[in-house]
Structures are given as structure tokens and as C-alpha cells.
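Structure below is target_5.pdb: PDB, C-alpha atoms and all ligand atoms.
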MODEL        1
ATOM      1  CA  MET A   8     -46.924 -73.394 -47.069
ATOM      2  CA  ASN A   9     -44.130 -75.026 -49.031
ATOM      3  CA  GLU A  10     -41.088 -75.825 -46.881
ATOM      4  CA  ILE A  11     -38.026 -77.117 -48.697
ATOM      5  CA  VAL A  12     -34.980 -78.228 -46.737
ATOM      6  CA  ILE A  13     -31.494 -78.534 -48.229
ATOM      7  CA  LEU A  14     -29.159 -80.958 -46.457
ATOM      8  CA  SER A  15     -25.735 -82.539 -46.807
ATOM      9  CA  GLY A  16     -23.595 -85.075 -44.967
ATOM     10  CA  LYS A  17     -20.908 -82.573 -44.070
ATOM     11  CA  GLY A  18     -20.105 -78.893 -44.467
ATOM     12  CA  GLY A  19     -18.603 -77.603 -47.717
ATOM     13  CA  THR A  20     -20.649 -79.842 -50.009
ATOM     14  CA  GLY A  21     -22.454 -76.994 -51.745
ATOM     15  CA  LYS A  22     -25.638 -76.961 -49.657
ATOM     16  CA  THR A  23     -25.439 -73.251 -48.839
ATOM     17  CA  SER A  24     -24.575 -72.314 -52.449
ATOM     18  CA  LEU A  25     -27.723 -74.117 -53.618
ATOM     19  CA  SER A  26     -29.833 -72.505 -50.853
ATOM     20  CA  ALA A  27     -28.481 -69.062 -51.834
ATOM     21  CA  ALA A  28     -29.253 -69.696 -55.498
ATOM     22  CA  PHE A  29     -32.868 -70.721 -54.730
ATOM     23  CA  ALA A  30     -33.243 -67.721 -52.400
ATOM     24  CA  THR A  31     -32.135 -65.335 -55.147
ATOM     25  CA  ILE A  32     -34.175 -66.902 -57.956
ATOM     26  CA  ARG A  33     -37.471 -66.927 -56.084
ATOM     27  CA  ASN A  34     -39.294 -63.718 -55.205
ATOM     28  CA  ASN A  35     -41.272 -63.272 -51.993
ATOM     29  CA  CYS A  36     -39.152 -65.939 -50.443
ATOM     30  CA  ILE A  37     -38.579 -66.717 -46.756
ATOM     31  CA  VAL A  38     -35.178 -68.169 -45.922
ATOM     32  CA  ALA A  39     -34.493 -70.024 -42.673
ATOM     33  CA  ASP A  40     -30.811 -70.659 -42.023
ATOM     34  CA  CYS A  41     -30.963 -73.643 -39.674
ATOM     35  CA  ASP A  42     -27.227 -74.324 -39.783
ATOM     36  CA  VAL A  43     -27.052 -72.494 -36.448
ATOM     37  CA  ASP A  44     -23.621 -73.887 -35.493
ATOM     38  CA  GLY A  45     -21.989 -72.567 -38.662
ATOM     39  CA  ALA A  46     -24.392 -70.057 -40.181
ATOM     40  CA  ASP A  47     -22.976 -68.385 -43.290
ATOM     41  CA  LEU A  48     -25.914 -67.914 -45.670
ATOM     42  CA  HIS A  49     -26.378 -64.378 -44.316
ATOM     43  CA  LEU A  50     -22.923 -63.521 -45.677
ATOM     44  CA  ILE A  51     -24.288 -64.056 -49.202
ATOM     45  CA  LEU A  52     -27.811 -62.717 -48.721
ATOM     46  CA  GLN A  53     -26.712 -59.765 -46.539
ATOM     47  CA  PRO A  54     -30.057 -59.286 -44.765
ATOM     48  CA  GLU A  55     -30.805 -55.984 -43.083
ATOM     49  CA  ASN A  56     -31.875 -57.164 -39.648
ATOM     50  CA  TYR A  57     -34.971 -55.520 -38.195
ATOM     51  CA  SER A  58     -34.989 -57.699 -35.085
ATOM     52  CA  ILE A  59     -32.290 -59.272 -32.874
ATOM     53  CA  GLU A  60     -33.447 -61.570 -30.059
ATOM     54  CA  LYS A  61     -31.686 -63.421 -27.260
ATOM     55  CA  PHE A  62     -31.871 -67.199 -27.122
ATOM     56  CA  ILE A  63     -31.453 -68.874 -23.720
ATOM     57  CA  THR A  64     -29.598 -72.123 -24.307
ATOM     58  CA  GLY A  65     -29.439 -73.282 -20.687
ATOM     59  CA  HIS A  66     -27.678 -72.281 -17.495
ATOM     60  CA  LYS A  67     -24.058 -71.883 -16.405
ATOM     61  CA  ALA A  68     -22.617 -72.082 -12.904
ATOM     62  CA  ASN A  69     -21.330 -68.861 -11.371
ATOM     63  CA  ILE A  70     -19.404 -68.453  -8.092
ATOM     64  CA  ASN A  71     -20.100 -65.753  -5.530
ATOM     65  CA  TYR A  72     -16.585 -65.069  -4.246
ATOM     66  CA  ASP A  73     -17.899 -63.072  -1.274
ATOM     67  CA  THR A  74     -19.117 -66.271   0.345
ATOM     68  CA  CYS A  75     -16.933 -68.979  -1.317
ATOM     69  CA  ILE A  76     -14.589 -70.566   1.237
ATOM     70  CA  ASN A  77     -12.343 -72.006  -1.507
ATOM     71  CA  CYS A  78     -12.783 -75.556  -0.171
ATOM     72  CA  GLY A  79     -12.379 -77.094  -3.670
ATOM     73  CA  LEU A  80     -15.234 -79.570  -3.223
ATOM     74  CA  CYS A  81     -16.881 -78.405  -6.467
ATOM     75  CA  ILE A  82     -13.668 -79.236  -8.388
ATOM     76  CA  ASP A  83     -13.906 -82.868  -7.266
ATOM     77  CA  TYR A  84     -17.606 -83.174  -8.100
ATOM     78  CA  CYS A  85     -17.680 -81.574 -11.562
ATOM     79  CA  ARG A  86     -17.670 -84.397 -14.098
ATOM     80  CA  PHE A  87     -17.030 -82.016 -16.963
ATOM     81  CA  ASP A  88     -13.727 -80.712 -15.579
ATOM     82  CA  ALA A  89     -15.185 -77.232 -15.811
ATOM     83  CA  ILE A  90     -13.864 -76.137 -12.400
ATOM     84  CA  SER A  91     -10.190 -75.692 -11.600
ATOM     85  CA  LEU A  92      -7.851 -73.705  -9.423
ATOM     86  CA  LYS A  93      -6.445 -70.618 -11.107
ATOM     87  CA  ASN A  94      -3.973 -68.505  -9.175
ATOM     88  CA  GLY A  95      -5.194 -70.205  -5.987
ATOM     89  CA  GLN A  96      -8.852 -69.377  -6.678
ATOM     90  CA  VAL A  97     -11.602 -71.808  -7.684
ATOM     91  CA  THR A  98     -12.700 -70.823 -11.219
ATOM     92  CA  ILE A  99     -15.435 -72.102 -13.561
ATOM     93  CA  SER A 100     -14.876 -72.335 -17.313
ATOM     94  CA  GLU A 101     -18.043 -71.047 -18.970
ATOM     95  CA  ILE A 102     -17.325 -73.018 -22.152
ATOM     96  CA  SER A 103     -16.823 -76.364 -20.336
ATOM     97  CA  CYS A 104     -19.734 -75.995 -17.893
ATOM     98  CA  ASP A 105     -22.587 -78.278 -18.947
ATOM     99  CA  GLY A 106     -25.129 -76.668 -16.633
ATOM    100  CA  CYS A 107     -25.800 -79.882 -14.667
ATOM    101  CA  LYS A 108     -26.261 -77.882 -11.391
ATOM    102  CA  LEU A 109     -24.434 -80.457  -9.270
ATOM    103  CA  CYS A 110     -21.877 -77.967  -7.945
ATOM    104  CA  SER A 111     -24.623 -75.584  -6.840
ATOM    105  CA  ARG A 112     -26.217 -78.391  -4.830
ATOM    106  CA  ILE A 113     -23.097 -79.635  -3.071
ATOM    107  CA  CYS A 114     -21.443 -76.282  -2.313
ATOM    108  CA  PRO A 115     -21.328 -76.068   1.515
ATOM    109  CA  SER A 116     -21.602 -72.267   1.547
ATOM    110  CA  LYS A 117     -24.278 -72.063  -1.191
ATOM    111  CA  SER A 118     -21.933 -69.885  -3.218
ATOM    112  CA  ILE A 119     -22.785 -71.228  -6.682
ATOM    113  CA  GLN A 120     -25.768 -69.884  -8.613
ATOM    114  CA  MET A 121     -26.969 -71.058 -11.989
ATOM    115  CA  ILE A 122     -27.368 -68.132 -14.368
ATOM    116  CA  PRO A 123     -29.067 -68.224 -17.797
ATOM    117  CA  SER A 124     -26.759 -68.431 -20.844
ATOM    118  CA  ASP A 125     -28.093 -65.743 -23.113
ATOM    119  CA  LYS A 126     -25.241 -65.042 -25.500
ATOM    120  CA  SER A 127     -26.817 -66.799 -28.495
ATOM    121  CA  ARG A 128     -28.959 -64.684 -30.817
ATOM    122  CA  TRP A 129     -31.501 -65.078 -33.573
ATOM    123  CA  PHE A 130     -32.187 -62.446 -36.203
ATOM    124  CA  ALA A 131     -34.991 -61.479 -38.580
ATOM    125  CA  GLY A 132     -34.165 -59.360 -41.596
ATOM    126  CA  ASN A 133     -35.044 -58.276 -45.110
ATOM    127  CA  TYR A 134     -32.893 -59.386 -48.009
ATOM    128  CA  ARG A 135     -33.201 -58.598 -51.717
ATOM    129  CA  ASN A 136     -35.835 -61.266 -52.522
ATOM    130  CA  GLY A 137     -37.715 -61.499 -49.236
ATOM    131  CA  ARG A 138     -37.120 -62.168 -45.551
ATOM    132  CA  MET A 139     -34.543 -64.164 -43.691
ATOM    133  CA  ILE A 140     -34.344 -65.720 -40.226
ATOM    134  CA  HIS A 141     -30.906 -66.753 -39.052
ATOM    135  CA  ALA A 142     -29.143 -67.396 -35.771
ATOM    136  CA  ARG A 143     -25.798 -67.546 -34.046
ATOM    137  CA  LEU A 144     -25.185 -70.171 -31.393
ATOM    138  CA  TYR A 145     -22.537 -68.866 -28.985
ATOM    139  CA  PRO A 146     -19.376 -71.067 -28.914
ATOM    140  CA  GLY A 147     -19.666 -73.902 -26.392
ATOM    141  CA  GLU A 148     -23.451 -73.544 -26.073
ATOM    142  CA  GLU A 149     -25.838 -76.350 -26.843
ATOM    143  CA  ASN A 150     -29.481 -76.869 -27.718
ATOM    144  CA  SER A 151     -28.985 -76.230 -31.419
ATOM    145  CA  GLY A 152     -32.150 -78.315 -32.090
ATOM    146  CA  LYS A 153     -34.182 -75.898 -29.960
ATOM    147  CA  LEU A 154     -32.663 -72.902 -31.737
ATOM    148  CA  VAL A 155     -33.521 -74.490 -35.098
ATOM    149  CA  ASN A 156     -37.129 -74.731 -33.882
ATOM    150  CA  VAL A 157     -37.099 -71.010 -33.013
ATOM    151  CA  VAL A 158     -35.754 -70.159 -36.483
ATOM    152  CA  ARG A 159     -38.390 -72.319 -38.183
ATOM    153  CA  GLU A 160     -41.289 -71.068 -36.026
ATOM    154  CA  ASN A 161     -40.413 -67.475 -36.876
ATOM    155  CA  ALA A 162     -40.074 -68.261 -40.577
ATOM    156  CA  ARG A 163     -43.581 -69.733 -40.444
ATOM    157  CA  LYS A 164     -44.894 -66.655 -38.627
ATOM    158  CA  ILE A 165     -43.547 -64.478 -41.454
ATOM    159  CA  SER A 166     -45.226 -66.762 -43.949
ATOM    160  CA  GLN A 167     -48.558 -66.277 -42.155
ATOM    161  CA  GLU A 168     -48.100 -62.496 -41.895
ATOM    162  CA  THR A 169     -47.025 -61.943 -45.496
ATOM    163  CA  GLY A 170     -48.929 -64.708 -47.258
ATOM    164  CA  TRP A 171     -45.659 -65.790 -48.889
ATOM    165  CA  GLU A 172     -45.760 -69.541 -49.185
ATOM    166  CA  THR A 173     -42.179 -70.612 -49.813
ATOM    167  CA  ILE A 174     -39.719 -71.285 -46.997
ATOM    168  CA  ILE A 175     -36.225 -72.400 -47.999
ATOM    169  CA  ILE A 176     -34.380 -74.071 -45.145
ATOM    170  CA  ASP A 177     -30.590 -74.313 -45.225
ATOM    171  CA  GLY A 178     -30.180 -77.291 -42.899
ATOM    172  CA  PRO A 179     -27.224 -78.202 -40.721
ATOM    173  CA  PRO A 180     -24.773 -80.846 -41.980
ATOM    174  CA  GLY A 181     -24.802 -84.380 -40.579
ATOM    175  CA  THR A 182     -27.601 -86.406 -38.987
ATOM    176  CA  GLY A 183     -27.830 -84.925 -35.483
ATOM    177  CA  CYS A 184     -30.748 -83.493 -33.560
ATOM    178  CA  ALA A 185     -30.534 -80.099 -35.327
ATOM    179  CA  VAL A 186     -31.027 -81.948 -38.646
ATOM    180  CA  ILE A 187     -34.101 -83.717 -37.268
ATOM    181  CA  SER A 188     -35.507 -80.338 -36.166
ATOM    182  CA  SER A 189     -34.813 -78.969 -39.659
ATOM    183  CA  VAL A 190     -36.540 -81.823 -41.517
ATOM    184  CA  THR A 191     -39.653 -82.356 -39.380
ATOM    185  CA  GLY A 192     -42.784 -81.152 -41.145
ATOM    186  CA  THR A 193     -41.104 -80.101 -44.400
ATOM    187  CA  ASN A 194     -42.498 -80.975 -47.840
ATOM    188  CA  LYS A 195     -39.311 -81.757 -49.744
ATOM    189  CA  ALA A 196     -35.695 -82.509 -48.843
ATOM    190  CA  ILE A 197     -32.804 -82.009 -51.235
ATOM    191  CA  ILE A 198     -29.677 -83.934 -50.298
ATOM    192  CA  VAL A 199     -26.533 -82.411 -51.789
ATOM    193  CA  THR A 200     -23.678 -84.870 -52.144
ATOM    194  CA  GLU A 201     -20.216 -85.028 -53.681
ATOM    195  CA  PRO A 202     -18.692 -87.861 -55.712
ATOM    196  CA  THR A 203     -16.509 -89.346 -52.965
ATOM    197  CA  ASN A 204     -16.953 -92.594 -51.058
ATOM    198  CA  SER A 205     -17.537 -90.679 -47.819
ATOM    199  CA  GLY A 206     -20.031 -88.386 -49.601
ATOM    200  CA  PHE A 207     -21.904 -91.446 -50.888
ATOM    201  CA  HIS A 208     -21.947 -93.001 -47.407
ATOM    202  CA  ASP A 209     -23.161 -89.759 -45.748
ATOM    203  CA  MET A 210     -25.870 -89.350 -48.382
ATOM    204  CA  LYS A 211     -27.257 -92.815 -47.604
ATOM    205  CA  ARG A 212     -27.346 -91.999 -43.887
ATOM    206  CA  ILE A 213     -29.294 -88.776 -44.427
ATOM    207  CA  LEU A 214     -31.699 -90.412 -46.845
ATOM    208  CA  GLU A 215     -32.367 -93.098 -44.253
ATOM    209  CA  LEU A 216     -33.029 -90.422 -41.626
ATOM    210  CA  VAL A 217     -35.284 -88.371 -43.917
ATOM    211  CA  SER A 218     -37.274 -91.487 -44.871
ATOM    212  CA  ASN A 219     -38.512 -91.643 -41.252
ATOM    213  CA  PHE A 220     -40.261 -88.294 -41.696
ATOM    214  CA  LYS A 221     -42.257 -89.118 -44.818
ATOM    215  CA  VAL A 222     -40.627 -86.211 -46.654
ATOM    216  CA  GLN A 223     -40.102 -86.472 -50.398
ATOM    217  CA  SER A 224     -36.329 -86.755 -51.024
ATOM    218  CA  PHE A 225     -34.246 -85.641 -54.007
ATOM    219  CA  VAL A 226     -30.522 -85.890 -54.658
ATOM    220  CA  VAL A 227     -28.185 -83.356 -56.253
ATOM    221  CA  ILE A 228     -24.599 -84.371 -57.064
ATOM    222  CA  ASN A 229     -22.325 -81.371 -56.776
ATOM    223  CA  LYS A 230     -18.942 -81.291 -58.592
ATOM    224  CA  PHE A 231     -20.034 -84.511 -60.290
ATOM    225  CA  ASP A 232     -17.272 -84.230 -62.912
ATOM    226  CA  LEU A 233     -14.494 -84.546 -60.296
ATOM    227  CA  ASN A 234     -15.128 -88.295 -60.142
ATOM    228  CA  GLU A 235     -17.597 -89.486 -62.755
ATOM    229  CA  CYS A 236     -17.132 -93.109 -61.708
ATOM    230  CA  ILE A 237     -18.468 -92.459 -58.154
ATOM    231  CA  SER A 238     -21.083 -90.048 -59.550
ATOM    232  CA  ASN A 239     -22.408 -92.907 -61.708
ATOM    233  CA  LYS A 240     -22.371 -95.231 -58.688
ATOM    234  CA  ILE A 241     -24.432 -92.704 -56.694
ATOM    235  CA  GLU A 242     -26.837 -92.222 -59.579
ATOM    236  CA  ASN A 243     -27.323 -95.961 -60.130
ATOM    237  CA  TRP A 244     -27.902 -96.538 -56.444
ATOM    238  CA  CYS A 245     -30.514 -93.738 -56.384
ATOM    239  CA  VAL A 246     -32.290 -95.257 -59.412
ATOM    240  CA  GLU A 247     -32.416 -98.627 -57.610
ATOM    241  CA  MET A 248     -33.812 -96.965 -54.480
ATOM    242  CA  ASN A 249     -36.295 -94.921 -56.490
ATOM    243  CA  ILE A 250     -34.846 -91.589 -55.352
ATOM    244  CA  PRO A 251     -34.750 -88.923 -58.082
ATOM    245  CA  VAL A 252     -31.361 -87.404 -58.920
ATOM    246  CA  ILE A 253     -32.590 -83.997 -60.040
ATOM    247  CA  GLY A 254     -29.289 -82.409 -60.957
ATOM    248  CA  LYS A 255     -25.570 -82.840 -61.464
ATOM    249  CA  ILE A 256     -23.594 -79.629 -61.047
ATOM    250  CA  ALA A 257     -20.132 -79.457 -62.606
ATOM    251  CA  PHE A 258     -17.226 -78.031 -60.625
ATOM    252  CA  ASP A 259     -17.086 -74.274 -61.107
ATOM    253  CA  ALA A 260     -14.617 -72.092 -59.191
ATOM    254  CA  GLN A 261     -16.911 -69.127 -59.891
ATOM    255  CA  ILE A 262     -19.326 -70.447 -57.223
ATOM    256  CA  VAL A 263     -16.762 -69.523 -54.555
ATOM    257  CA  THR A 264     -15.962 -66.211 -56.290
ATOM    258  CA  ALA A 265     -19.689 -65.414 -56.263
ATOM    259  CA  MET A 266     -19.857 -66.100 -52.515
ATOM    260  CA  ILE A 267     -16.847 -63.876 -51.849
ATOM    261  CA  ASN A 268     -18.761 -61.155 -53.708
ATOM    262  CA  CYS A 269     -21.894 -61.756 -51.589
ATOM    263  CA  GLN A 270     -23.853 -63.161 -54.519
ATOM    264  CA  SER A 271     -25.226 -66.527 -55.508
ATOM    265  CA  ILE A 272     -23.847 -68.128 -58.677
ATOM    266  CA  VAL A 273     -27.107 -67.415 -60.539
ATOM    267  CA  GLU A 274     -26.654 -63.706 -59.794
ATOM    268  CA  TRP A 275     -22.899 -63.662 -60.438
ATOM    269  CA  LYS A 276     -22.681 -65.751 -63.625
ATOM    270  CA  PRO A 277     -26.235 -66.519 -64.781
ATOM    271  CA  GLU A 278     -24.990 -67.857 -68.121
ATOM    272  CA  SER A 279     -22.609 -70.436 -66.567
ATOM    273  CA  GLU A 280     -23.284 -74.172 -66.864
ATOM    274  CA  ALA A 281     -23.568 -74.402 -63.055
ATOM    275  CA  SER A 282     -26.245 -71.676 -63.019
ATOM    276  CA  LYS A 283     -28.195 -73.338 -65.835
ATOM    277  CA  GLU A 284     -28.160 -76.642 -63.961
ATOM    278  CA  ILE A 285     -29.236 -74.991 -60.703
ATOM    279  CA  ILE A 286     -32.112 -73.204 -62.479
ATOM    280  CA  SER A 287     -33.184 -76.553 -63.896
ATOM    281  CA  ILE A 288     -33.074 -78.089 -60.362
ATOM    282  CA  TYR A 289     -35.092 -75.135 -59.086
ATOM    283  CA  LYS A 290     -37.745 -75.650 -61.782
ATOM    284  CA  THR A 291     -38.026 -79.334 -60.912
ATOM    285  CA  ILE A 292     -38.499 -78.606 -57.214
ATOM    286  CA  PHE A 293     -40.915 -75.710 -57.632
ATOM    287  CA  ASN A 294     -42.705 -77.164 -60.654
ATOM    288  CA  ASP A 295     -42.067 -73.883 -62.502
TER     289      ASP A 295
HETATM  290  S1  LIG B 301     -17.722 -75.828  -3.214
HETATM  291 FE1  LIG B 301     -18.482 -73.766  -2.914
HETATM  292  S2  LIG B 301     -17.258 -72.956  -1.262
HETATM  293 FE2  LIG B 301     -16.178 -74.755  -2.024
HETATM  294  S3  LIG B 301     -14.768 -73.905  -3.527
HETATM  295 FE3  LIG B 301     -16.599 -74.505  -4.639
HETATM  296  S4  LIG B 301     -17.785 -72.627  -4.680
HETATM  297 FE4  LIG B 301     -16.269 -72.332  -3.136
HETATM  298  S1  LIG B 302     -22.991 -76.953 -13.324
HETATM  299 FE1  LIG B 302     -22.171 -79.017 -13.573
HETATM  300  S2  LIG B 302     -20.814 -78.808 -15.307
HETATM  301 FE2  LIG B 302     -21.178 -76.761 -14.596
HETATM  302  S3  LIG B 302     -19.520 -76.340 -13.228
HETATM  303 FE3  LIG B 302     -21.192 -77.121 -11.992
HETATM  304  S4  LIG B 302     -20.814 -79.307 -11.810
HETATM  305 FE4  LIG B 302     -19.555 -78.544 -13.485
ENDMDL
END
Whole structure, C-alpha cells version:
Amino acid sequence: MNEIVILSGKGGTGKTSLSAAFATIRNNCIVADCDVDGADLHLILQPENYSIEKFITGHKANINYDTCINCGLCIDYCRFDAISLKNGQVTISEISCDGCKLCSRICPSKSIQMIPSDKSRWFAGNYRNGRMIHARLYPGEENSGKLVNVVRENARKISQETGWETIIIDGPPGTGCAVISSVTGTNKAIIVTEPTNSGFHDMKRILELVSNFKVQSFVVINKFDLNECISNKIENWCVEMNIPVIGKIAFDAQIVTAMINCQSIVEWKPESEASKEIISIYKTIFND
């Protein structure tokens, strides 16, 4: 199994465009969209889902108004300010509730039950070059790291069932726990960065994180021509640190046009400079 994760310091760096391009170059490919808080790769790959499953993220407090005596004690105890008085009635905000269970313990009339939060979903589908697992974390719900694990486990199951060896993982931005879940056990990590000081800083942070997992790292500088001075700084730093810069993609507005048309840039404008560079990056990563 060959698991390749594509990461970036923040959203909008070009990570998903690169993932989409890889997913549409390679045949018999399994794609795992692990950016569960802001999944959008499915908008380009348009998978036909054959399975939709619930994902329990935790529990939320729920009041039984038949027995509640409206004493307001739960309002005072909730540290997350999830309980308030609305039109004279004690009300819990589902989005603010952290699921800590304290209110259910202190309620004198035992009127608060904890109910499972099951509004998040994960999906398995077929897309034009293979299969795709993706997910949608319901707003305000947590445990994105656990949902990433579900996405990755199911991508691996497909790999075992089909014998297809390549899994492309579109990772979440940043360096949080969902990123750790996306990187663990992969073979290669591609860090997509932009030529800005903050992009450079974020790239260093991710590389530091990835280095803890003994995963081979590569750097791609997207829109490198928007600031060649910082691009050169990034490249020189990578040379010093012995991290291969395997591609520099020039700014191309057609990448966004391709996405709007539900295609990757290599499908939309295969002859463009951006596509040629991405194909070259692909060949380096897959040793094609
Ligand atoms: S503590 Fe219990 S009884 Fe009191 S307002 Fe809250 S839910 Fe109602
Ligand atoms: S479970 Fe915790 S966070 Fe949720 S309403 Fe009760 S006290 Fe507040």
C-alpha cells in the first residue's frame, strides 16, 4: 500500500488542487479526503456515493421539559455557557454544548439526558478514476481526528478489497490533531506552500511535525512566481535542510476555473504550464 498525504499550513494554498490532479492522473486510485472540517475535494471529483454512514462525535445534553422544574442550576454550572434562559425556559444550545455531562449529574430532577450526536456523516463512492472516501463534520461537532481515522481505515479496506495500492490523502490544513491522524503511517508527505512569510513559517511547522513520524517529506511551492524572492528563500532553506523541492507551480487562474467546472487542472487544461509541472511532480512522487 502506498499512502501519500498532501498537506498545507492553511486552507487555499493549492493542496486540494494538487490532490485532485493526482486523483485524476492515476487510475485505480483511492482518494481519502481527510479535510473533514472543510471537505471540498468531492466537489471536483463528484463521486457517486454507494454508502452513507453516521459518525457519532460525542454526546449533547438534552432537557426533558416534563420533569424540569426550571430551577436554573444547570445554567450556573455549565462552563461552556451552553445553557441560558429563553422566553423564561431553560434552553441548551446544541452547538455550544461540549458534552461534559456535568449538568446531567447536578440536575435535581434528573431531567437532563446525554444523547449521541450523530449528525456527522462519512461517504464512500465511485469517481471517474477509482473510489473516494470523504466526510462531513457537522458544524460545532468535534473529534475530527477520530473521523479522519474512520476515513483512512475505510480507504485501506477498499485497498484490500480491490488490490489497488495507491491512497491519496487530502489532509487538513494546519498542525492539529486531525493532521496527526492524517500523517500517521503514510509513506510520503507533500507540503504545499506559497511564497509568503506566513506560508514559509507554516511550512516549517508542518515539516517539523511530519519529521516526528518518519515520513519522507517533499515541498511544492505553489504560485511561486508571485514572489520569487521568498520562493528562493524557501528553496534555499529546503536545500539546507535536505528536503526536496519537487515542483514550483506558476500562478494560473485556470486552476480555479477548472475547479468551478468540477475538473482538475490536468483535465481542464492539460497543455498548460501548471499541468505540465504537476505531471512532473506526480512522476517524481510515483516514480513513473
Ligand atoms: S437543573 Fe434540571 S431542573 Fe433545573 S433548570 Fe436545569 S434541567 Fe431544569
Ligand atoms: S453537557 Fe456540559 S457543556 Fe453541555 S450543557 Fe451540560 S454542562 Fe454544558
Hey, could you make a per-residue contact list for chain A against ligand LIG 301 (chain B) with 7 Å as the cut-off, showing the nearest pair of atoms and its distance in Å to one decimal, counting only C-alpha atoms and all ligand atoms, sorted by chain and number, as CSV?
residue,atom,partner,partner_atom,distance
A:Ile70,CA,B:LIG301,S4,5.6
A:Cys75,CA,B:LIG301,FE4,3.9
A:Ile76,CA,B:LIG301,S2,4.4
A:Asn77,CA,B:LIG301,S3,3.7
A:Cys78,CA,B:LIG301,FE2,3.9
A:Gly79,CA,B:LIG301,S3,4.0
A:Leu80,CA,B:LIG301,S1,4.5
A:Cys81,CA,B:LIG301,S1,4.2
A:Ile82,CA,B:LIG301,FE3,6.7
A:Val97,CA,B:LIG301,S3,5.6
A:Cys110,CA,B:LIG301,S1,6.6
A:Ile113,CA,B:LIG301,S1,6.6
A:Cys114,CA,B:LIG301,S1,3.9
A:Pro115,CA,B:LIG301,FE1,5.7
A:Ser116,CA,B:LIG301,S2,5.2
A:Lys117,CA,B:LIG301,FE1,6.3
A:Ser118,CA,B:LIG301,S4,5.2
A:Ile119,CA,B:LIG301,S4,5.6
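When all atoms listed in the file are used to measure the gap to Lys195 (chain A), the shortest distance among A:Asn9, A:Ala260, A:Val273, A:Leu144 belongs to A:Asn9.
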What does the PyMOL selection byres (((chain A and resi 29) around 12) and not hetatm) select in this file, as a ChimeraX atom specification?
/A:11-13,22-28,30-38,48,52,136-137,173-177,197,270-274,282,284-293
Within 10 Å of Asn229 (chain A), counting all atoms listed in the file, which residues show up once you throw out same-chain ones fewer than 5 positions away? Write them as a list of chain:residue names, please.
A:Thr20, A:Gly21, A:Lys22, A:Leu25, A:Val199, A:Thr200, A:Glu201, A:Pro202, A:Ser238, A:Gly254, A:Lys255, A:Ile256, A:Ala257, A:Phe258, A:Asp259, A:Ala281
Which residues come within 7 Å of Ser127 (chain A), counting only C-alpha atoms, excluding same-chain residues fewer than 6 positions away, as a ChimeraX atom specification?
/A:61-63,143-145
All residues within 6 Å of ligand LIG 302 (chain B) are required, counting all atoms listed in the file; please report them as a list of chain:residue names.
A:Lys67, A:Ala68, A:Cys85, A:Phe87, A:Ala89, A:Ile90, A:Ile99, A:Cys104, A:Asp105, A:Gly106, A:Cys107, A:Lys108, A:Leu109, A:Cys110
From (-40.1, -65.4, -36.1), in the file's coordinates, out to 12 Å: which residues are reached, counting all atoms listed in the file? Answer as a count of residues only.
31
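A straight line drawn from CA of Asp40 (chain A) to CA of Phe231 (chain A) is 25.3 Å long.
Between CA of Gly16 (chain A) and CA of Met210 (chain A) lies a distance of 5.9 Å.
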Can you translate the PyMOL selection byres (((chain A and resi 244-246) around 12) and not hetatm) into the concrete residues it hits in this file, as a ChimeraX atom specification?
/A:198,200,207-208,210-211,214,224-228,237-243,247-253
For the file shown, report as a VMD selection string the outcome of the PyMOL selection byres (((chain A and resi 65) around 6) and not hetatm) at residue level.
chain A and resid 63 to 64 66 123 to 124
So for region 24-40 of chain A, what box centre and size do we get, axis-aligned, 5 Å extra on each of the six sides, every listed atom, Å to one decimal, as AutoDock Vina command-line options?
--center_x -32.9 --center_y -68.7 --center_z -50.0 --size_x 26.7 --size_y 20.8 --size_z 25.9
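Between CA of Pro180 (chain A) and CA of Ala46 (chain A) lies a distance of 10.9 Å.
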